[in-house]
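Enquirer: input_34.cif is reproduced below (mmCIF, C-alpha atoms and all ligand atoms).
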```
data_structure
loop_
_atom_site.label_atom_id
_atom_site.label_comp_id
_atom_site.auth_asym_id
_atom_site.auth_seq_id
_atom_site.Cartn_x
_atom_site.Cartn_y
_atom_site.Cartn_z
CA MET A 1 -154.25 101.10 -99.96
CA LEU A 2 -157.98 101.09 -100.51
CA ASP A 3 -160.67 100.00 -98.06
CA ALA A 4 -162.61 97.35 -99.99
CA TYR A 5 -165.01 96.80 -97.08
CA ARG A 6 -166.10 100.45 -97.23
CA LEU A 7 -166.16 100.59 -101.03
CA LYS A 8 -168.39 97.51 -101.11
CA THR A 9 -171.15 99.50 -99.39
CA ASP A 10 -171.35 101.77 -102.47
CA PHE A 11 -172.52 98.82 -104.58
CA PRO A 12 -176.19 98.02 -103.90
CA ILE A 13 -176.10 94.64 -105.66
CA LEU A 14 -173.30 93.46 -103.37
CA GLN A 15 -175.67 93.82 -100.40
CA THR A 16 -178.11 91.29 -101.92
CA ASN A 17 -178.52 87.53 -101.57
CA MET A 18 -178.28 84.90 -104.29
CA ASN A 19 -179.79 81.48 -103.73
CA GLY A 20 -180.33 82.48 -100.12
CA LYS A 21 -176.63 83.27 -99.58
CA SER A 22 -174.78 86.61 -99.58
CA LEU A 23 -173.66 87.34 -103.13
CA VAL A 24 -169.93 86.77 -103.67
CA PHE A 25 -169.24 88.40 -107.01
CA LEU A 26 -166.04 87.17 -108.66
CA ASP A 27 -166.81 87.92 -112.31
CA SER A 28 -165.83 91.55 -112.79
CA ALA A 29 -163.69 90.70 -115.83
CA ALA A 30 -166.97 89.95 -117.61
CA SER A 31 -168.68 93.11 -116.33
CA SER A 32 -168.14 95.07 -113.14
CA GLN A 33 -170.84 95.99 -110.66
CA LYS A 34 -172.00 99.63 -110.50
CA PRO A 35 -171.78 102.03 -107.53
CA PHE A 36 -174.83 104.08 -106.56
CA GLN A 37 -173.09 107.21 -107.93
CA VAL A 38 -173.42 105.72 -111.45
CA ILE A 39 -176.91 104.30 -110.87
CA ASP A 40 -178.06 107.69 -109.51
CA ALA A 41 -176.66 109.51 -112.54
CA LEU A 42 -178.68 107.23 -114.85
CA ASP A 43 -181.79 107.77 -112.74
CA LYS A 44 -181.30 111.56 -112.68
CA TYR A 45 -180.83 111.71 -116.43
CA TYR A 46 -184.17 110.06 -117.16
CA LYS A 47 -185.99 112.00 -114.44
CA GLU A 48 -184.52 115.45 -115.07
CA GLU A 49 -182.27 115.69 -118.13
CA ASN A 50 -183.60 113.41 -120.85
CA ALA A 51 -183.39 114.84 -124.40
CA ASN A 52 -181.54 114.01 -127.60
CA ILE A 53 -178.15 115.66 -128.01
CA HIS A 54 -176.51 117.85 -130.68
CA ARG A 55 -179.93 118.64 -132.17
CA GLY A 56 -182.12 120.84 -130.00
CA VAL A 57 -181.96 124.57 -129.38
CA TYR A 58 -184.02 124.11 -126.23
CA TYR A 59 -182.58 123.98 -122.71
CA LEU A 60 -182.91 120.24 -122.03
CA SER A 61 -181.17 119.24 -125.25
CA GLN A 62 -178.35 121.68 -124.64
CA LYS A 63 -177.97 120.46 -121.06
CA ALA A 64 -177.85 116.80 -122.17
CA THR A 65 -175.31 117.73 -124.88
CA GLU A 66 -173.13 119.51 -122.34
CA LEU A 67 -173.21 116.56 -119.92
CA PHE A 68 -172.50 114.10 -122.76
CA GLU A 69 -169.50 116.11 -123.98
CA ARG A 70 -168.18 116.48 -120.41
CA THR A 71 -167.67 112.71 -120.37
CA ARG A 72 -165.68 112.91 -123.59
CA ILE A 73 -163.40 115.51 -121.99
CA LYS A 74 -163.11 113.41 -118.81
CA ILE A 75 -162.10 110.33 -120.81
CA SER A 76 -159.50 112.27 -122.79
CA GLU A 77 -157.94 113.42 -119.50
CA PHE A 78 -158.23 109.96 -117.93
CA ILE A 79 -156.17 108.31 -120.71
CA GLY A 80 -153.90 111.28 -121.44
CA ALA A 81 -155.24 112.04 -124.93
CA LYS A 82 -154.35 115.30 -126.65
CA CYS A 83 -157.94 116.53 -126.89
CA ALA A 84 -161.54 115.38 -126.61
CA LYS A 85 -162.27 115.03 -130.32
CA VAL A 86 -160.04 111.94 -130.57
CA ILE A 87 -162.43 110.09 -128.24
CA ILE A 88 -165.03 108.23 -130.30
CA PHE A 89 -168.04 106.70 -128.56
CA THR A 90 -169.03 103.19 -129.60
CA ARG A 91 -171.12 100.48 -127.93
CA ASN A 92 -168.16 98.49 -126.53
CA THR A 93 -164.58 97.36 -127.14
CA THR A 94 -165.82 94.96 -129.80
CA GLU A 95 -167.38 97.76 -131.81
CA SER A 96 -164.29 99.95 -131.35
CA ILE A 97 -162.07 97.24 -132.86
CA ASN A 98 -164.56 96.60 -135.66
CA LEU A 99 -164.60 100.34 -136.39
CA VAL A 100 -160.83 100.31 -136.87
CA ALA A 101 -160.94 97.15 -138.99
CA GLN A 102 -163.81 98.36 -141.16
CA SER A 103 -162.80 102.00 -141.56
CA TRP A 104 -159.00 102.24 -141.27
CA GLY A 105 -158.51 98.59 -142.28
CA ARG A 106 -160.53 98.62 -145.48
CA GLN A 107 -158.72 101.76 -146.58
CA ASN A 108 -155.21 100.64 -145.68
CA ILE A 109 -154.98 96.85 -145.79
CA ASN A 110 -154.34 95.21 -149.16
CA ARG A 111 -153.54 91.76 -150.56
CA GLY A 112 -150.47 90.24 -148.90
CA ASP A 113 -150.37 92.79 -146.06
CA VAL A 114 -149.86 91.35 -142.59
CA ILE A 115 -151.96 91.87 -139.45
CA VAL A 116 -150.22 90.72 -136.25
CA LEU A 117 -152.17 89.46 -133.22
CA THR A 118 -151.30 87.13 -130.33
CA GLU A 119 -152.57 83.63 -129.56
CA LEU A 120 -154.03 84.97 -126.32
CA GLU A 121 -156.47 87.47 -127.80
CA HIS A 122 -160.17 87.67 -127.05
CA HIS A 123 -162.37 86.79 -130.05
CA SER A 124 -163.16 90.52 -130.36
CA ASN A 125 -159.54 91.12 -131.31
CA ILE A 126 -159.38 88.17 -133.72
CA VAL A 127 -162.65 87.85 -135.65
CA PRO A 128 -162.86 91.47 -136.98
CA TRP A 129 -159.32 91.04 -138.38
CA GLN A 130 -160.14 87.64 -139.88
CA MET A 131 -163.15 89.19 -141.63
CA LEU A 132 -160.97 91.99 -142.99
CA ALA A 133 -158.16 89.62 -144.02
CA GLN A 134 -160.64 87.41 -145.87
CA GLU A 135 -162.09 90.36 -147.75
CA LYS A 136 -158.71 91.86 -148.65
CA GLY A 137 -156.53 88.78 -149.10
CA ALA A 138 -154.36 89.83 -146.15
CA VAL A 139 -152.43 87.49 -143.86
CA ILE A 140 -152.76 87.19 -140.06
CA LYS A 141 -149.71 86.21 -138.04
CA TYR A 142 -149.84 85.36 -134.36
CA ILE A 143 -147.25 85.98 -131.67
CA PRO A 144 -147.18 82.59 -129.89
CA ILE A 145 -147.66 82.12 -126.16
CA ASN A 146 -145.54 80.18 -123.70
CA PRO A 147 -147.20 77.52 -121.49
CA ASP A 148 -147.47 80.10 -118.67
CA SER A 149 -149.41 82.39 -121.07
CA SER A 150 -146.66 85.01 -121.44
CA LEU A 151 -145.86 86.04 -125.01
CA ASP A 152 -143.02 84.22 -126.78
CA THR A 153 -141.31 87.02 -128.68
CA THR A 154 -138.24 84.98 -129.72
CA ASN A 155 -139.10 85.28 -133.42
CA ILE A 156 -140.63 88.73 -133.27
CA ASN A 157 -138.44 90.05 -136.13
CA GLU A 158 -139.90 87.42 -138.45
CA ILE A 159 -143.47 88.01 -137.28
CA ILE A 160 -143.44 91.81 -137.42
CA ASP A 161 -141.69 92.96 -140.61
CA TYR A 162 -142.07 95.45 -143.47
CA ARG A 163 -145.30 93.76 -144.63
CA THR A 164 -146.98 94.34 -141.25
CA LYS A 165 -149.61 97.10 -141.32
CA ILE A 166 -151.08 96.77 -137.83
CA VAL A 167 -150.26 94.99 -134.57
CA ALA A 168 -153.26 94.50 -132.24
CA VAL A 169 -152.68 93.18 -128.71
CA SER A 170 -154.63 93.08 -125.46
CA GLN A 171 -153.28 95.04 -122.50
CA MET A 172 -154.25 92.29 -120.07
CA SER A 173 -155.51 88.78 -120.83
CA ASN A 174 -159.11 88.17 -119.77
CA VAL A 175 -158.30 84.46 -119.29
CA THR A 176 -155.13 84.48 -117.21
CA GLY A 177 -154.77 88.12 -116.16
CA THR A 178 -151.34 88.32 -117.81
CA ILE A 179 -150.33 91.95 -118.33
CA HIS A 180 -148.38 91.98 -121.57
CA ASP A 181 -145.09 93.82 -121.95
CA ILE A 182 -146.41 95.99 -124.75
CA LYS A 183 -143.77 98.73 -124.94
CA PRO A 184 -141.26 96.70 -127.01
CA LEU A 185 -144.10 95.57 -129.29
CA ILE A 186 -145.25 99.15 -129.87
CA ALA A 187 -141.66 100.19 -130.68
CA LYS A 188 -141.24 97.20 -133.01
CA ALA A 189 -144.52 97.92 -134.83
CA HIS A 190 -143.56 101.56 -135.34
CA SER A 191 -140.05 100.64 -136.50
CA VAL A 192 -141.57 98.88 -139.55
CA GLY A 193 -144.17 101.61 -140.15
CA ALA A 194 -147.09 99.61 -138.71
CA LEU A 195 -149.78 100.94 -136.38
CA PHE A 196 -150.45 99.56 -132.89
CA LEU A 197 -153.92 98.94 -131.48
CA LEU A 198 -154.18 98.26 -127.75
CA ASP A 199 -157.24 96.30 -126.63
CA GLY A 200 -157.81 97.87 -123.23
CA ALA A 201 -161.01 96.00 -122.31
CA GLN A 202 -159.19 94.51 -119.31
CA GLY A 203 -156.64 97.32 -119.02
CA ALA A 204 -158.41 100.66 -118.74
CA CYS A 205 -160.28 99.46 -115.64
CA HIS A 206 -157.18 98.33 -113.70
CA ILE A 207 -153.99 99.87 -115.09
CA GLU A 208 -153.06 103.55 -115.29
CA THR A 209 -152.74 104.16 -119.02
CA ASN A 210 -151.41 107.19 -120.85
CA VAL A 211 -151.99 106.73 -124.56
CA ARG A 212 -149.51 109.41 -125.58
CA GLU A 213 -146.72 108.15 -123.32
CA LEU A 214 -147.31 104.62 -124.64
CA ASP A 215 -147.58 106.03 -128.18
CA VAL A 216 -150.39 103.65 -129.17
CA ASP A 217 -152.27 104.52 -132.35
CA PHE A 218 -155.61 103.15 -131.15
CA TYR A 219 -156.96 102.28 -127.70
CA ALA A 220 -160.27 100.44 -127.30
CA PHE A 221 -162.20 99.84 -124.08
CA SER A 222 -165.66 99.36 -122.55
CA ALA A 223 -167.40 101.38 -119.82
CA HIS A 224 -169.17 98.35 -118.35
CA LYS A 225 -165.93 96.76 -117.12
CA MET A 226 -164.96 99.93 -115.24
CA LEU A 227 -168.05 100.61 -113.08
CA GLY A 228 -169.92 102.28 -115.97
CA PRO A 229 -173.09 101.29 -117.81
CA THR A 230 -173.29 98.63 -120.51
CA GLY A 231 -173.60 99.79 -124.12
CA VAL A 232 -170.84 102.43 -123.99
CA GLY A 233 -167.43 101.85 -125.54
CA VAL A 234 -164.52 104.08 -126.45
CA LEU A 235 -162.14 104.22 -129.34
CA TYR A 236 -159.17 106.55 -128.91
CA GLY A 237 -157.12 107.22 -132.02
CA LYS A 238 -154.28 109.56 -132.94
CA GLU A 239 -155.83 112.65 -134.50
CA GLU A 240 -153.93 112.43 -137.80
CA ILE A 241 -155.09 108.81 -138.24
CA LEU A 242 -158.72 109.39 -137.25
CA GLU A 243 -158.88 112.44 -139.56
CA LYS A 244 -158.18 110.22 -142.57
CA MET A 245 -160.58 107.43 -141.59
CA PRO A 246 -163.74 107.26 -143.70
CA PRO A 247 -167.08 106.86 -141.89
CA TRP A 248 -168.00 103.27 -141.20
CA MET A 249 -171.70 103.82 -140.56
CA GLY A 250 -173.77 106.52 -142.24
CA GLY A 251 -176.79 108.32 -140.81
CA GLY A 252 -177.80 111.20 -138.60
CA ASP A 253 -175.32 113.35 -136.69
CA MET A 254 -172.27 112.36 -138.82
CA ILE A 255 -172.91 114.58 -141.85
CA SER A 256 -172.00 118.06 -142.94
CA ASP A 257 -174.39 118.28 -145.90
CA VAL A 258 -176.71 115.79 -147.57
CA SER A 259 -178.29 116.08 -151.02
CA LEU A 260 -180.07 113.40 -152.98
CA ASP A 261 -176.97 112.35 -154.90
CA LYS A 262 -174.18 112.76 -152.34
CA SER A 263 -173.24 113.64 -148.77
CA THR A 264 -170.31 115.30 -147.09
CA TYR A 265 -169.29 114.38 -143.59
CA ALA A 266 -168.87 116.14 -140.26
CA ASP A 267 -165.54 116.70 -138.53
CA LEU A 268 -164.28 114.45 -135.73
CA PRO A 269 -165.64 113.00 -133.56
CA ALA A 270 -169.17 113.16 -135.08
CA ARG A 271 -168.01 111.68 -138.43
CA LEU A 272 -167.42 108.32 -136.73
CA GLU A 273 -170.53 108.41 -134.50
CA ALA A 274 -173.70 107.86 -136.56
CA GLY A 275 -177.13 107.93 -134.94
CA THR A 276 -178.37 108.65 -131.41
CA PRO A 277 -175.83 107.28 -128.94
CA HIS A 278 -176.33 105.80 -125.46
CA ILE A 279 -176.72 109.29 -123.96
CA SER A 280 -177.59 108.30 -120.39
CA GLY A 281 -174.82 105.69 -120.38
CA VAL A 282 -172.18 108.14 -121.56
CA ILE A 283 -173.30 110.73 -118.99
CA ALA A 284 -173.20 108.18 -116.16
CA PHE A 285 -169.80 106.90 -117.32
CA ARG A 286 -168.19 110.16 -116.14
CA HIS A 287 -169.29 109.32 -112.61
CA ALA A 288 -167.67 105.89 -112.93
CA ILE A 289 -164.36 107.45 -114.01
CA GLU A 290 -164.53 109.99 -111.20
CA TYR A 291 -165.08 107.12 -108.77
CA LEU A 292 -162.05 105.25 -110.15
CA GLU A 293 -159.94 108.40 -109.98
CA LYS A 294 -160.92 108.99 -106.38
CA VAL A 295 -159.90 105.48 -105.36
CA GLY A 296 -156.83 105.59 -107.64
CA LEU A 297 -155.99 103.05 -110.33
CA GLU A 298 -152.62 102.22 -108.78
CA ASN A 299 -154.36 101.46 -105.44
CA ILE A 300 -156.86 99.29 -107.31
CA HIS A 301 -154.08 97.42 -109.11
CA GLN A 302 -152.12 96.79 -105.89
CA HIS A 303 -155.30 95.65 -104.12
CA GLU A 304 -155.91 93.19 -106.96
CA VAL A 305 -152.32 91.96 -106.82
CA ALA A 306 -152.73 91.29 -103.08
CA LEU A 307 -156.02 89.43 -103.65
CA THR A 308 -154.49 87.42 -106.51
CA GLU A 309 -151.52 86.45 -104.33
CA TYR A 310 -153.88 85.31 -101.57
CA ALA A 311 -156.13 83.43 -104.01
CA LEU A 312 -153.20 81.65 -105.68
CA GLU A 313 -151.77 80.63 -102.29
CA ARG A 314 -155.10 79.25 -101.11
CA LEU A 315 -155.85 77.50 -104.42
CA ASP A 316 -152.38 76.00 -104.44
CA SER A 317 -152.95 74.59 -100.96
CA LEU A 318 -155.94 72.56 -102.23
CA ASN A 319 -154.92 69.31 -103.89
CA GLY A 320 -156.00 68.62 -107.45
CA ILE A 321 -156.17 72.16 -108.79
CA THR A 322 -154.43 73.19 -112.03
CA LEU A 323 -153.56 76.88 -112.17
CA TYR A 324 -152.88 78.92 -115.31
CA GLY A 325 -150.92 82.15 -115.78
CA VAL A 326 -147.55 83.70 -115.03
CA ASN A 327 -145.88 83.48 -111.60
CA ASP A 328 -144.72 87.10 -111.41
CA LEU A 329 -147.56 88.85 -109.56
CA GLN A 330 -146.62 92.30 -110.85
CA LYS A 331 -147.16 90.96 -114.39
CA ARG A 332 -150.75 89.94 -113.76
CA GLY A 333 -154.01 91.59 -112.79
CA GLY A 334 -156.91 90.40 -110.66
CA VAL A 335 -157.77 87.23 -112.54
CA VAL A 336 -157.16 83.61 -111.57
CA SER A 337 -157.92 80.80 -114.00
CA PHE A 338 -157.91 77.21 -112.78
CA ASN A 339 -159.43 73.78 -113.21
CA VAL A 340 -160.49 71.30 -110.54
CA ASN A 341 -158.88 68.15 -111.92
CA GLY A 342 -161.42 65.65 -113.20
CA VAL A 343 -164.38 68.04 -112.81
CA HIS A 344 -165.93 69.94 -115.72
CA ALA A 345 -165.69 73.69 -115.27
CA HIS A 346 -169.46 74.04 -115.77
CA ASP A 347 -170.10 71.71 -112.83
CA VAL A 348 -167.77 73.79 -110.67
CA GLY A 349 -169.61 76.96 -111.73
CA SER A 350 -173.04 75.47 -110.97
CA ILE A 351 -172.08 74.19 -107.50
CA LEU A 352 -170.53 77.54 -106.62
CA ASP A 353 -173.66 79.32 -107.87
CA GLU A 354 -175.73 77.37 -105.34
CA GLU A 355 -173.50 78.97 -102.68
CA GLY A 356 -174.12 82.46 -104.10
CA ILE A 357 -170.64 82.62 -105.66
CA ALA A 358 -170.47 83.99 -109.20
CA ILE A 359 -167.46 83.03 -111.33
CA ARG A 360 -167.18 82.58 -115.10
CA VAL A 361 -166.53 79.13 -116.58
CA GLY A 362 -165.81 78.05 -120.16
CA HIS A 363 -163.57 79.32 -122.93
CA HIS A 364 -163.91 83.02 -122.01
CA CYS A 365 -164.19 83.99 -125.71
CA ALA A 366 -160.57 82.88 -126.18
CA GLN A 367 -160.89 79.53 -127.95
CA PRO A 368 -157.45 79.68 -129.63
CA PHE A 369 -155.87 79.85 -126.14
CA MET A 370 -157.92 76.86 -124.96
CA LYS A 371 -156.92 74.88 -128.07
CA LYS A 372 -153.26 75.72 -127.49
CA MET A 373 -153.51 74.59 -123.85
CA LYS A 374 -155.50 71.49 -124.94
CA ILE A 375 -158.32 72.25 -122.50
CA ALA A 376 -162.05 72.82 -123.02
CA GLY A 377 -162.17 75.74 -120.64
CA THR A 378 -161.28 77.02 -117.21
CA CYS A 379 -162.93 78.37 -114.08
CA ARG A 380 -162.16 82.06 -113.78
CA ALA A 381 -162.44 84.20 -110.66
CA SER A 382 -161.81 87.89 -111.24
CA PHE A 383 -161.43 90.61 -108.65
CA TYR A 384 -162.09 94.32 -108.46
CA LEU A 385 -161.88 97.12 -105.94
CA TYR A 386 -164.86 95.83 -103.92
CA ASN A 387 -163.57 92.27 -103.41
CA THR A 388 -162.14 91.14 -100.08
CA LYS A 389 -160.18 88.18 -98.74
CA GLU A 390 -163.48 86.84 -97.36
CA ASP A 391 -164.76 86.56 -100.96
CA ILE A 392 -161.77 84.36 -101.74
CA ASP A 393 -162.32 82.32 -98.57
CA ALA A 394 -165.91 81.74 -99.76
CA LEU A 395 -164.57 80.57 -103.13
CA ILE A 396 -162.17 78.14 -101.43
CA ASN A 397 -164.96 76.76 -99.20
CA GLY A 398 -167.12 76.35 -102.31
CA LEU A 399 -164.32 74.47 -104.06
CA LEU A 400 -163.93 72.17 -101.05
CA GLN A 401 -167.61 71.33 -101.47
CA VAL A 402 -167.07 70.67 -105.19
CA LYS A 403 -164.27 68.27 -104.34
CA GLU A 404 -166.35 66.55 -101.65
CA ILE A 405 -169.37 66.11 -103.94
CA PHE A 406 -167.23 64.66 -106.72
CA ALA A 407 -165.30 62.41 -104.34
CA ARG A 408 -168.68 60.93 -103.25
CA VAL A 409 -169.74 60.45 -106.89
CA VAL A 410 -166.45 58.72 -107.74
CA LYS A 411 -166.71 56.43 -104.65
CA ARG A 412 -170.23 55.36 -105.65
N1 LIG A 501 -164.37 90.00 -122.07
C1 LIG A 501 -164.93 88.37 -120.35
O1 LIG A 501 -165.71 87.80 -119.61
P1 LIG A 501 -166.97 93.89 -124.95
O2 LIG A 501 -167.81 92.68 -124.84
O3 LIG A 501 -166.97 94.43 -126.34
O4 LIG A 501 -167.25 94.92 -123.91
O5 LIG A 501 -165.47 93.44 -124.64
C2 LIG A 501 -164.84 92.51 -125.49
C3 LIG A 501 -163.50 92.14 -124.96
C4 LIG A 501 -162.37 92.46 -125.70
N2 LIG A 501 -161.14 92.19 -125.25
C5 LIG A 501 -160.94 91.61 -124.07
C6 LIG A 501 -159.54 91.37 -123.60
C7 LIG A 501 -162.04 91.25 -123.28
O6 LIG A 501 -161.83 90.68 -122.09
C8 LIG A 501 -163.35 91.51 -123.73
C9 LIG A 501 -164.56 91.09 -122.93
C10 LIG A 501 -165.42 89.55 -121.18
O7 LIG A 501 -163.75 88.06 -120.42
C11 LIG A 501 -166.71 89.24 -121.86
S1 LIG A 501 -166.53 88.02 -123.12
#
```
Step by step, read the file and then write its structure as structure tokens.

Expert:
Amino acid sequence: MLDAYRLKTDFPILQTNMNGKSLVFLDSAASSQKPFQVIDALDKYYKEENANIHRGVYYLSQKATELFERTRIKISEFIGAKCAKVIIFTRNTTESINLVAQSWGRQNINRGDVIVLTELEHHSNIVPWQMLAQEKGAVIKYIPINPDSSLDTTNINEIIDYRTKIVAVSQMSNVTGTIHDIKPLIAKAHSVGALFLLDGAQGACHIETNVRELDVDFYAFSAHKMLGPTGVGVLYGKEEILEKMPPWMGGGDMISDVSLDKSTYADLPARLEAGTPHISGVIAFRHAIEYLEKVGLENIHQHEVALTEYALERLDSLNGITLYGVNDLQKRGGVVSFNVNGVHAHDVGSILDEEGIAIRVGHHCAQPFMKKMKIAGTCRASFYLYNTKEDIDALINGLLQVKEIFARVVKR
């Protein structure tokens, strides 16, 4: 098991105060905090290594290129990819999914074809497909969710059939923390000749993932949710699929030859990476992955399961709290979504903020889920390797204050 108390000391921001109180950070599902190893790598880059990559013959440029490409190799090993060239750098998960929709999708999706999603997807795994479907006259079908937010696969044979071209599902829900049982869905997609995209925005940071063992065709995730800098995303794709994908954006670094009337394109991965990337961010991202590897993703997951169990127990012991999500703790990650009955989630968030407690409130970029549950939003506390039981105790004390304040208002 990991020592969250010790790990916390690696995160400078977690030593600070907010509103005069020690910061209790419970919003890592939105973006994680960064250890000094990552912050130092960013600092070192700008002080000692800064140059554009893939362009210069001089030492600094070659050094920056080497460091940048080391991260690509590290990521390929981290997710079990065949080689580094199938790792495409983007800005975030959103851009990775848009890249698939705009490049692979525009080439392969035609009128009447079916794209399958779930009702629990983040907007980033809905809107790019809606844009594509609108342009191409394709149809989107949704795997429904049960009231506990698990997937209802009763009619899966009618949803995924010979017309399906791609199935795109999140590894873990950002709203309820539900870890989906994706293996049967991947097998089903492949049995009808469809591809499978796994949205790993909430997965890569918490769950050991081997893309080749899972046999996913695409895997999308963001560095900023896994201790790395913002502005760096990853798209993994099977080599034979990426090889056939046309460039989505044109510009520098993605060409082989340009003349005034036409251009030819570079090989993978450059063909899908136009323009100067977030060099410092990519370089620092390797340090984030090394940190995660040192702690161990399985240790992180079990730590989060323990915190979730504790949080659910304590929340359940308060009266007037509605909890969302599945009961089986091994089928959920470090996210708890709840409402304080009769109190708007934004009010809960603001009162907690005064106590230095950061949670996310609202629809969490998953409006279809909220509509299905007939709620405007939820309060969401999310945990990572640096959270402790004391952070959850602080949340519970904050919620007791929320209840007290609103009880007084109601009495008046
Ligand atoms: N969810 C949250 O607070 P980006 O913003 O591109 O790095 O990640 C998008 C995204 C895609 N899929 C899932 C399942 C996600 O959770 C997210 C990001 C954050 O829940 C910010 S909205």

Enquirer: Identify, counting all atoms listed in the file, the protein, DNA and RNA residues located within 7 Å of ligand LIG 501 (chain A), and give them as a PyMOL selection string.

Expert: chain A and resi 29-31+92-95+121-122+124-125+170+172-175+199-202+222+224+364-365

Enquirer: How many Å separate CA of Asn108 in chain A from CA of Pro184 in chain A?

Expert: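 Pair CA of Asn108 in chain A / CA of Pro184 in chain A returns 23.6 Å.
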
Enquirer: Go ahead and compute the interatomic distance for CA of Met254 in chain A and CA of Ala220 in chain A, in Å to one decimal.

Expert: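 Answer for the CA of Met254 in chain A to CA of Ala220 in chain A separation: 20.5 Å.
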
Enquirer: For the atom pair CA of Leu272 in chain A and CA of Gly231 in chain A, what is the interatomic distance in Å to one decimal place?

Expert: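 Rounded to one decimal, the two atoms are 16.4 Å apart.
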
Enquirer: Could you check the closest approach to Asp27 in chain A for each of A:His180, A:Lys403, A:Arg380, A:Lys47 and tell me which residue wins, using all atoms listed in the file?

Expert: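 With all atoms listed in the file as the atom set, the closest residue is A:Arg380.
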
Enquirer: Is it possible to get the residues within 7 Å of (-146.4, 95.4, -147.9) (coordinates as in the file, counting only C-alpha atoms) written as a ChimeraX atom specification?

Expert: /A:112-113,162-164

Enquirer: Reconstruct all heavy atoms of range 62-66 of chain A from the incomplete input and present them as a short mmCIF file (atom, residue, chain, number, x, y, z; two decimals), in the frame of the given file.

Expert:
```
data_model
loop_
_atom_site.label_atom_id
_atom_site.label_comp_id
_atom_site.auth_asym_id
_atom_site.auth_seq_id
_atom_site.Cartn_x
_atom_site.Cartn_y
_atom_site.Cartn_z
N GLN A 62 -179.69 121.08 -124.81
CA GLN A 62 -178.35 121.68 -124.64
C GLN A 62 -177.68 121.17 -123.36
O GLN A 62 -176.48 120.93 -123.33
CB GLN A 62 -178.47 123.19 -124.64
CG GLN A 62 -178.92 123.64 -126.02
CD GLN A 62 -178.71 125.12 -126.25
OE1 GLN A 62 -178.28 125.84 -125.37
NE2 GLN A 62 -179.03 125.56 -127.46
N LYS A 63 -178.50 120.98 -122.33
CA LYS A 63 -177.97 120.46 -121.06
C LYS A 63 -177.44 119.03 -121.26
O LYS A 63 -176.34 118.69 -120.82
CB LYS A 63 -179.12 120.47 -120.02
CG LYS A 63 -178.81 119.84 -118.70
CD LYS A 63 -178.22 120.83 -117.74
CE LYS A 63 -177.79 120.14 -116.47
NZ LYS A 63 -176.77 120.84 -115.75
N ALA A 64 -178.26 118.19 -121.93
CA ALA A 64 -177.85 116.80 -122.17
C ALA A 64 -176.58 116.78 -123.02
O ALA A 64 -175.65 116.00 -122.76
CB ALA A 64 -178.98 116.03 -122.86
N THR A 65 -176.51 117.65 -124.01
CA THR A 65 -175.31 117.73 -124.88
C THR A 65 -174.08 118.09 -124.04
O THR A 65 -173.03 117.48 -124.17
CB THR A 65 -175.52 118.78 -126.00
OG1 THR A 65 -176.68 118.44 -126.74
CG2 THR A 65 -174.30 118.84 -126.92
N GLU A 66 -174.28 119.06 -123.16
CA GLU A 66 -173.13 119.51 -122.34
C GLU A 66 -172.64 118.37 -121.43
O GLU A 66 -171.44 118.12 -121.33
CB GLU A 66 -173.58 120.71 -121.51
CG GLU A 66 -172.43 121.42 -120.82
CD GLU A 66 -172.80 121.81 -119.41
OE1 GLU A 66 -173.86 122.43 -119.22
OE2 GLU A 66 -172.02 121.46 -118.49
#
```
